[in-house]
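S.K.: Dropping in protein_39.cif, which is mmCIF, C-alpha atoms, pLDDT in the B column; chains and numbers go by the auth columns:
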data_start
#
loop_
_atom_site.group_PDB
_atom_site.id
_atom_site.type_symbol
_atom_site.label_atom_id
_atom_site.label_comp_id
_atom_site.label_asym_id
_atom_site.label_seq_id
_atom_site.Cartn_x
_atom_site.Cartn_y
_atom_site.Cartn_z
_atom_site.B_iso_or_equiv
_atom_site.auth_seq_id
_atom_site.auth_asym_id
ATOM 1 C CA LEU A 1 23.969 9.671 -1.649 70.00 175 I
ATOM 2 C CA ASP A 2 27.542 9.785 -2.932 75.00 176 I
ATOM 3 C CA ASN A 3 28.680 11.301 0.381 77.00 177 I
ATOM 4 C CA TYR A 4 27.206 8.402 2.356 73.00 178 I
ATOM 5 C CA ALA A 5 28.242 5.463 0.198 71.00 179 I
ATOM 6 C CA ASP A 6 29.694 3.545 3.160 74.00 180 I
ATOM 7 C CA VAL A 7 26.775 3.954 5.574 72.00 181 I
ATOM 8 C CA GLY A 8 23.065 3.359 5.430 68.00 182 I
ATOM 9 C CA ALA A 9 21.089 6.492 4.733 67.00 183 I
ATOM 10 C CA VAL A 10 17.539 7.649 4.256 70.00 184 I
ATOM 11 C CA ALA A 11 16.791 10.558 1.992 73.00 185 I
ATOM 12 C CA THR A 12 13.422 12.198 1.562 75.00 186 I
ATOM 13 C CA ALA A 13 12.017 14.533 -1.038 77.00 187 I
ATOM 14 C CA LEU A 14 8.655 16.231 -0.825 73.00 188 I
ATOM 15 C CA LEU A 15 7.092 16.810 -4.216 74.00 189 I
ATOM 16 C CA MET A 16 4.055 19.067 -4.245 69.00 190 I
ATOM 17 C CA GLU A 17 3.243 19.074 -7.966 69.00 191 I
ATOM 18 C CA GLY A 18 0.059 17.089 -7.396 69.00 192 I
ATOM 19 C CA HIS A 19 -1.536 19.726 -5.180 71.00 193 I
ATOM 20 C CA GLU A 20 -3.600 21.482 -7.815 72.00 194 I
ATOM 21 C CA GLY A 21 -6.913 20.651 -9.437 69.00 195 I
ATOM 22 C CA SER A 22 -6.107 20.308 -13.146 73.00 196 I
ATOM 23 C CA MET A 23 -3.695 17.365 -12.718 73.00 197 I
ATOM 24 C CA GLU A 24 -1.561 18.903 -15.488 79.00 198 I
ATOM 25 C CA VAL A 25 1.270 20.190 -13.294 79.00 199 I
ATOM 26 C CA VAL A 26 2.034 16.729 -11.883 77.00 200 I
ATOM 27 C CA ALA A 27 2.754 15.522 -15.439 80.00 201 I
ATOM 28 C CA THR A 28 5.720 17.925 -15.565 84.00 202 I
ATOM 29 C CA LEU A 29 7.364 15.742 -12.918 82.00 203 I
ATOM 30 C CA ASP A 30 7.265 12.500 -14.927 85.00 204 I
ATOM 31 C CA HIS A 31 10.448 12.912 -16.976 90.00 205 I
ATOM 32 C CA ASP A 32 12.582 14.329 -14.142 89.00 206 I
ATOM 33 C CA LEU A 33 11.462 11.717 -11.617 88.00 207 I
ATOM 34 C CA ALA A 34 12.079 8.862 -14.069 91.00 208 I
ATOM 35 C CA HIS A 35 15.530 10.286 -14.875 93.00 209 I
ATOM 36 C CA PHE A 36 16.380 10.603 -11.161 89.00 210 I
ATOM 37 C CA LEU A 37 15.313 7.034 -10.392 89.00 211 I
ATOM 38 C CA GLU A 38 17.136 5.560 -13.391 91.00 212 I
ATOM 39 C CA THR A 39 20.415 7.414 -12.834 91.00 213 I
ATOM 40 C CA THR A 40 20.421 6.952 -9.060 87.00 214 I
ATOM 41 C CA ALA A 41 19.640 3.240 -9.343 86.00 215 I
ATOM 42 C CA ALA A 42 22.448 2.843 -11.891 87.00 216 I
ATOM 43 C CA ARG A 43 24.984 4.617 -9.662 86.00 217 I
ATOM 44 C CA HIS A 44 23.845 3.078 -6.371 83.00 218 I
ATOM 45 C CA ALA A 45 23.066 -0.565 -7.038 81.00 219 I
ATOM 46 C CA ASN A 46 22.167 -1.283 -3.403 82.00 220 I
ATOM 47 C CA THR A 47 19.600 1.498 -3.055 85.00 221 I
ATOM 48 C CA ALA A 48 15.908 0.881 -2.517 87.00 222 I
ATOM 49 C CA PHE A 49 13.269 3.520 -3.224 88.00 223 I
ATOM 50 C CA VAL A 50 9.887 3.995 -1.607 89.00 224 I
ATOM 51 C CA LEU A 51 7.493 6.323 -3.410 88.00 225 I
ATOM 52 C CA VAL A 52 4.478 7.106 -1.290 85.00 226 I
ATOM 53 C CA SER A 53 1.657 9.594 -1.378 82.00 227 I
ATOM 54 C CA ASP A 54 -0.201 10.856 1.667 75.00 228 I
ATOM 55 C CA HIS A 55 -3.455 10.818 -0.297 73.00 229 I
ATOM 56 C CA GLY A 56 -4.721 10.629 -3.836 71.00 230 I
ATOM 57 C CA CYS A 57 -6.423 13.350 -5.808 70.00 231 I
ATOM 58 C CA HIS A 58 -8.453 15.616 -3.532 70.00 232 I
ATOM 59 C CA MET A 59 -9.493 18.576 -5.667 72.00 233 I
ATOM 60 C CA GLY A 60 -10.756 19.385 -9.114 72.00 234 I
ATOM 61 C CA PRO A 61 -13.441 17.807 -11.283 72.00 235 I
ATOM 62 C CA TYR A 62 -12.069 14.243 -11.053 67.00 236 I
ATOM 63 C CA PHE A 63 -12.384 14.256 -7.269 68.00 237 I
ATOM 64 C CA MET A 64 -15.602 16.278 -7.166 69.00 238 I
ATOM 65 C CA TYR A 65 -17.618 14.456 -9.819 70.00 239 I
ATOM 66 C CA ALA A 66 -16.332 10.895 -10.079 72.00 240 I
ATOM 67 C CA ARG A 67 -16.544 8.163 -7.492 71.00 241 I
ATOM 68 C CA SER A 68 -13.194 6.871 -8.771 74.00 242 I
ATOM 69 C CA GLY A 69 -11.666 10.243 -7.848 74.00 243 I
ATOM 70 C CA TRP A 70 -13.034 9.963 -4.332 73.00 244 I
ATOM 71 C CA LEU A 71 -11.730 6.402 -4.039 76.00 245 I
ATOM 72 C CA GLU A 72 -8.297 7.463 -5.281 76.00 246 I
ATOM 73 C CA HIS A 73 -8.216 10.042 -2.488 74.00 247 I
ATOM 74 C CA LYS A 74 -8.637 7.208 0.022 77.00 248 I
ATOM 75 C CA LEU A 75 -6.138 4.895 -1.747 81.00 249 I
ATOM 76 C CA PRO A 76 -2.816 6.743 -2.068 83.00 250 I
ATOM 77 C CA ALA A 77 0.013 5.485 -4.258 83.00 251 I
ATOM 78 C CA LEU A 78 2.731 3.272 -2.785 89.00 252 I
ATOM 79 C CA PHE A 79 5.655 1.897 -4.781 90.00 253 I
ATOM 80 C CA PHE A 80 8.676 -0.020 -3.526 91.00 254 I
ATOM 81 C CA LEU A 81 11.617 -0.254 -5.937 90.00 255 I
ATOM 82 C CA PHE A 82 14.205 -2.764 -4.763 88.00 256 I
ATOM 83 C CA PRO A 83 17.566 -3.552 -6.339 86.00 257 I
ATOM 84 C CA LYS A 84 17.565 -6.810 -8.293 88.00 258 I
ATOM 85 C CA SER A 85 20.497 -8.004 -6.173 86.00 259 I
ATOM 86 C CA PHE A 86 18.396 -7.603 -3.010 84.00 260 I
ATOM 87 C CA LEU A 87 15.481 -9.526 -4.505 89.00 261 I
ATOM 88 C CA ARG A 88 17.801 -12.337 -5.670 90.00 262 I
ATOM 89 C CA ALA A 89 19.438 -12.519 -2.220 85.00 263 I
ATOM 90 C CA HIS A 90 16.049 -12.588 -0.455 84.00 264 I
ATOM 91 C CA PRO A 91 13.712 -14.741 -2.576 89.00 265 I
ATOM 92 C CA SER A 92 11.145 -15.161 0.216 85.00 266 I
ATOM 93 C CA ALA A 93 10.929 -11.368 0.618 86.00 267 I
ATOM 94 C CA HIS A 94 10.548 -11.014 -3.150 92.00 268 I
ATOM 95 C CA LYS A 95 7.749 -13.585 -3.155 93.00 269 I
ATOM 96 C CA ALA A 96 5.990 -11.832 -0.241 90.00 270 I
ATOM 97 C CA LEU A 97 6.285 -8.426 -1.910 93.00 271 I
ATOM 98 C CA LYS A 98 4.710 -9.801 -5.094 95.00 272 I
ATOM 99 C CA ALA A 99 1.937 -11.474 -3.077 94.00 273 I
ATOM 100 C CA ASN A 100 1.196 -8.199 -1.283 93.00 274 I
ATOM 101 C CA GLU A 101 0.620 -6.155 -4.416 92.00 275 I
ATOM 102 C CA GLN A 102 -2.915 -4.752 -4.380 90.00 276 I
ATOM 103 C CA GLN A 103 -3.435 -5.610 -0.687 91.00 277 I
ATOM 104 C CA LEU A 104 -4.664 -3.326 2.071 90.00 278 I
ATOM 105 C CA VAL A 105 -1.575 -1.796 3.713 89.00 279 I
ATOM 106 C CA THR A 106 -1.089 1.113 6.091 87.00 280 I
ATOM 107 C CA PRO A 107 1.746 3.538 6.812 85.00 281 I
ATOM 108 C CA PHE A 108 2.484 1.383 9.864 84.00 282 I
ATOM 109 C CA ASP A 109 3.050 -1.608 7.555 87.00 283 I
ATOM 110 C CA VAL A 110 5.427 0.522 5.484 88.00 284 I
ATOM 111 C CA TYR A 111 7.282 1.489 8.675 84.00 285 I
ATOM 112 C CA LEU A 112 7.601 -2.145 9.754 83.00 286 I
ATOM 113 C CA THR A 113 8.744 -3.152 6.259 86.00 287 I
ATOM 114 C CA LEU A 114 11.478 -0.504 6.309 85.00 288 I
ATOM 115 C CA LEU A 115 12.513 -1.592 9.808 81.00 289 I
ATOM 116 C CA HIS A 116 12.593 -5.220 8.676 79.00 290 I
ATOM 117 C CA MET A 117 14.613 -4.355 5.574 80.00 291 I
ATOM 118 C CA ALA A 118 17.148 -2.202 7.435 78.00 292 I
ATOM 119 C CA THR A 119 17.694 -4.392 10.500 71.00 293 I
ATOM 120 C CA PRO A 120 16.516 -7.959 9.881 62.00 294 I
ATOM 121 C CA ASP A 121 18.721 -9.415 12.644 63.00 295 I
ATOM 122 C CA LYS A 122 17.452 -7.007 15.297 65.00 296 I
ATOM 123 C CA HIS A 123 13.804 -7.402 14.310 57.00 297 I
ATOM 124 C CA PRO A 124 13.094 -11.028 13.455 60.00 298 I
ATOM 125 C CA VAL A 125 9.723 -11.597 11.904 59.00 299 I
ATOM 126 C CA ASP A 126 7.385 -14.431 12.780 57.00 300 I
ATOM 127 C CA PRO A 127 7.349 -16.218 9.399 50.00 301 I
ATOM 128 C CA LEU A 128 3.858 -17.649 9.925 48.00 302 I
ATOM 129 C CA ALA A 129 2.198 -14.380 10.923 53.00 303 I
ATOM 130 C CA GLY A 130 4.339 -11.937 8.934 52.00 304 I
ATOM 131 C CA VAL A 131 4.672 -9.662 11.943 55.00 305 I
ATOM 132 C CA ILE A 132 7.325 -8.694 14.442 54.00 306 I
ATOM 133 C CA PRO A 133 6.108 -10.300 17.675 53.00 307 I
ATOM 134 C CA GLY A 134 4.515 -7.798 20.032 51.00 308 I
ATOM 135 C CA ARG A 135 4.216 -5.030 17.435 56.00 309 I
ATOM 136 C CA THR A 136 0.816 -3.495 16.987 56.00 310 I
ATOM 137 C CA SER A 137 -0.130 -0.224 15.383 56.00 311 I
ATOM 138 C CA PRO A 138 -0.275 2.711 17.771 56.00 312 I
ATOM 139 C CA TRP A 139 -3.475 3.675 15.946 51.00 313 I
ATOM 140 C CA ARG A 140 -6.553 1.733 17.037 53.00 314 I
ATOM 141 C CA GLY A 141 -4.633 -1.439 17.844 55.00 315 I
ATOM 142 C CA GLY A 142 -4.306 -2.679 14.256 61.00 316 I
ATOM 143 C CA MET A 143 -1.626 -5.264 13.604 73.00 317 I
ATOM 144 C CA MET A 144 1.411 -3.990 11.684 78.00 318 I
ATOM 145 C CA ARG A 145 2.736 -6.368 9.035 83.00 319 I
ATOM 146 C CA SER A 146 6.037 -6.407 7.195 84.00 320 I
ATOM 147 C CA LEU A 147 5.298 -6.605 3.480 89.00 321 I
ATOM 148 C CA MET A 148 8.474 -8.697 3.073 86.00 322 I
ATOM 149 C CA ALA A 149 7.637 -11.294 5.713 83.00 323 I
ATOM 150 C CA GLY A 150 4.729 -13.068 4.109 84.00 324 I
ATOM 151 C CA PRO A 151 1.406 -12.516 2.395 87.00 325 I
ATOM 152 C CA ILE A 152 -1.122 -10.198 3.972 87.00 326 I
ATOM 153 C CA PRO A 153 -4.391 -12.089 4.356 87.00 327 I
ATOM 154 C CA PRO A 154 -6.591 -11.285 1.338 89.00 328 I
ATOM 155 C CA ASN A 155 -9.556 -10.829 3.683 90.00 329 I
ATOM 156 C CA ARG A 156 -7.799 -8.175 5.809 89.00 330 I
ATOM 157 C CA THR A 157 -10.282 -5.457 6.691 88.00 331 I
ATOM 158 C CA CYS A 158 -9.808 -1.819 7.579 87.00 332 I
ATOM 159 C CA THR A 159 -10.745 -2.745 11.153 85.00 333 I
ATOM 160 C CA ASP A 160 -8.017 -5.439 11.195 84.00 334 I
ATOM 161 C CA ALA A 161 -5.478 -2.896 9.958 84.00 335 I
ATOM 162 C CA GLY A 162 -6.574 -0.151 12.360 82.00 336 I
ATOM 163 C CA VAL A 163 -7.932 2.084 9.584 83.00 337 I
ATOM 164 C CA PRO A 164 -10.722 4.372 10.864 81.00 338 I
ATOM 165 C CA SER A 165 -14.067 3.844 9.150 78.00 339 I
ATOM 166 C CA HIS A 166 -14.276 7.430 7.858 76.00 340 I
ATOM 167 C CA VAL A 167 -11.166 6.892 5.702 78.00 341 I
ATOM 168 C CA CYS A 168 -11.887 3.291 4.736 82.00 342 I
ATOM 169 C CA ALA A 169 -12.433 3.126 0.976 79.00 343 I
ATOM 170 C CA CYS A 170 -14.582 -0.002 1.366 77.00 344 I
ATOM 171 C CA ASN A 171 -17.507 1.933 2.805 69.00 345 I
ATOM 172 C CA LEU A 172 -19.795 3.495 0.209 58.00 346 I
ATOM 173 C CA HIS A 173 -21.890 5.008 2.988 55.00 347 I
ATOM 174 C CA HIS A 174 -18.910 7.219 3.919 56.00 348 I
ATOM 175 C CA TRP A 175 -18.874 8.735 0.454 56.00 349 I
ATOM 176 C CA PRO A 176 -20.081 12.317 0.985 57.00 350 I
ATOM 177 C CA LYS A 177 -23.885 12.443 0.883 59.00 351 I
ATOM 178 C CA GLN A 178 -24.042 15.132 -1.818 56.00 352 I
ATOM 179 C CA TYR A 179 -22.003 12.863 -4.152 54.00 353 I
ATOM 180 C CA GLN A 180 -24.097 9.791 -3.358 53.00 354 I
ATOM 181 C CA GLN A 181 -27.306 11.648 -4.179 55.00 355 I
ATOM 182 C CA ARG A 182 -25.908 13.188 -7.374 55.00 356 I
ATOM 183 C CA PHE A 183 -24.184 10.128 -8.850 52.00 357 I
ATOM 184 C CA PHE A 184 -25.778 7.119 -7.163 51.00 358 I
ATOM 185 C CA PRO A 185 -29.385 8.105 -6.428 50.00 359 I
ATOM 186 C CA MET A 186 -30.500 4.486 -5.925 47.00 360 I
ATOM 187 C CA ALA A 187 -27.730 3.780 -3.411 45.00 361 I
ATOM 188 C CA SER A 188 -28.439 6.878 -1.329 43.00 362 I
ATOM 189 C CA ARG A 189 -32.048 5.878 -0.530 46.00 363 I
#
Mind converting the file's structure to structure tokens?

M.R.:
Amino acid sequence: LDNYADVGAVATALLMEGHEGSMEVVATLDHDLAHFLETTAARHANTAFVLVSDHGCHMGPYFMYARSGWLEHKLPALFFLFPKSFLRAHPSAHKALKANEQQLVTPFDVYLTLLHMATPDKHPVDPLAGVIPGRTSPWRGGMMRSLMAGPIPPNRTCTDAGVPSHVCACNLHHWPKQYQQRFFPMASR
């Protein structure tokens, strides 16, 4: 980031520590990741971070034997870390981001949020709808929403967002049949 201090940049890092069943290896990342975020944020005060997972836990006993493990697989982590100066300069975006915690969002929403953050003048957002006019998700026609533009409706469904039913965490009937029968025998009848 030091080499690109005068221009906007995007950096990515792929961390694979979570791809094993014991969940012990991922803990080795905690200290180093925290140190990286703290030191980078201190040196680059105008840098935002997006930490995203492609999926939650998908192996090992937690996934295999607990419904919460299966749900975590369908609900991957997403964290936005914005500089305080950005949040102070954009109070409506800060308010929208807070309102959208724990809401149903998709990778397309993350894309639109990054686009909105990087080029707000080129991509004005309809303040009432929270969307860039004419933008829909290329997947199943779901509406993309900038997380900084306004609150996502609390009643947004997977269908509204373009999330296929087989990956929608709201549907118990899509929980694998062998798990339903083993852990929820009354629900599987």

S.K.: Go ahead and compute the interatomic distance for atom CA of Leu175 of chain I and atom CA of Val226 of chain I, in Å to one decimal.

M.R.: 19.7 Å

S.K.: With all atoms of segment 317-331 of chain I from the file as input, state the centre and edge lengths in Å to one decimal of the axis-aligned box that has 3 Å extra on each side, as AutoDock Vina command-line options.

M.R.:
--center_x -0.9 --center_y -8.5 --center_z 7.5 --size_x 24.8 --size_y 15.1 --size_z 18.3

S.K.: With all atoms listed in the file as the counted atoms, please give the residues lying no more than 12 Å from Lys269 of chain I, apart from itself and same-chain residues fewer than 2 positions off, as a PyMOL selection string.

M.R.: chain I and resi 261-267+271-275+321-326

S.K.: Calculated over all atoms listed in the file, which of the candidates I:Cys231, I:His193, I:Thr280, I:Ala185 has the smallest distance to Pro338 of chain I?

M.R.: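 Of the candidates, the smallest distance to Pro338 of chain I is held by I:Thr280.
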
S.K.: Here is a test: counting all atoms listed in the file, which residue of I:His340, I:Gly230, I:Phe223, I:His268 is nearest to Gly243 of chain I?

M.R.: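 Result for the nearest residue to Gly243 of chain I: I:Gly230.
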
S.K.: Which distance in Å separates atom CA of Val181 of chain I and atom CA of Leu225 of chain I, to one decimal?

M.R.: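 Pair atom CA of Val181 of chain I / atom CA of Leu225 of chain I returns 21.4 Å.
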
S.K.: Taking the file as shown, what set of residues would the PyMOL selection byres ((chain I and resi 281) around 10) give back, as an MDAnalysis selection string?

M.R.: chainID I and resid 226 228 252 279:280 282:287 311 318

S.K.: Mind dumping the selected residues with C-alpha atoms as a PDB file, keeping the file's coordinate frame?

M.R.:
ATOM      1  CA  VAL I 226       4.478   7.106  -1.290  1.00 85.00           C
ATOM      2  CA  ASP I 228      -0.201  10.856   1.667  1.00 75.00           C
ATOM      3  CA  LEU I 252       2.731   3.272  -2.785  1.00 89.00           C
ATOM      4  CA  VAL I 279      -1.575  -1.796   3.713  1.00 89.00           C
ATOM      5  CA  THR I 280      -1.089   1.113   6.091  1.00 87.00           C
ATOM      6  CA  PHE I 282       2.484   1.383   9.864  1.00 84.00           C
ATOM      7  CA  ASP I 283       3.050  -1.608   7.555  1.00 87.00           C
ATOM      8  CA  VAL I 284       5.427   0.522   5.484  1.00 88.00           C
ATOM      9  CA  TYR I 285       7.282   1.489   8.675  1.00 84.00           C
ATOM     10  CA  LEU I 286       7.601  -2.145   9.754  1.00 83.00           C
ATOM     11  CA  THR I 287       8.744  -3.152   6.259  1.00 86.00           C
ATOM     12  CA  SER I 311      -0.130  -0.224  15.383  1.00 56.00           C
ATOM     13  CA  MET I 318       1.411  -3.990  11.684  1.00 78.00           C
TER      14      MET I 318
END

S.K.: I need the residue nearest Val337 of chain I from this list: I:His218, I:Lys258, I:His229, I:Lys248. Use all atoms listed in the file for the distance.

M.R.: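 Of I:His218, I:Lys258, I:His229, I:Lys248, the one nearest Val337 of chain I is I:Lys248, counting all atoms listed in the file.
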
S.K.: Taking all atoms listed in the file into account, name the residue in I:Ala201, I:Leu278, I:Ala216, I:Ala292 that is nearest to Thr333 of chain I.

M.R.: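 Closest to Thr333 of chain I of all the choices is I:Leu278.
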
S.K.: Report the distance between atom CA of Ser320 of chain I and atom CA of Phe260 of chain I in Å, rounded to one decimal place.

M.R.: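 Distance reported for this atom pair: 16.1 Å.
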
S.K.: Take the PyMOL selection byres ((chain I and resi 341) around 10), run it mentally on this structure, and tell me the resulting residues as a list in words.

M.R.: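 Output of the PyMOL selection byres ((chain I and resi 341) around 10): Leu245, His247, Lys248, Leu249, Cys332, Val337, Pro338, Ser339, His340, Cys342, Ala343, Cys344, Asn345, His348 and Trp349 of chain I.
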
S.K.: From the list I:Thr213, I:His205, I:Ala187, I:Arg330, which residue is nearest Ser227 of chain I when using all atoms listed in the file?

M.R.: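 Closest to Ser227 of chain I of all the choices is I:Ala187.
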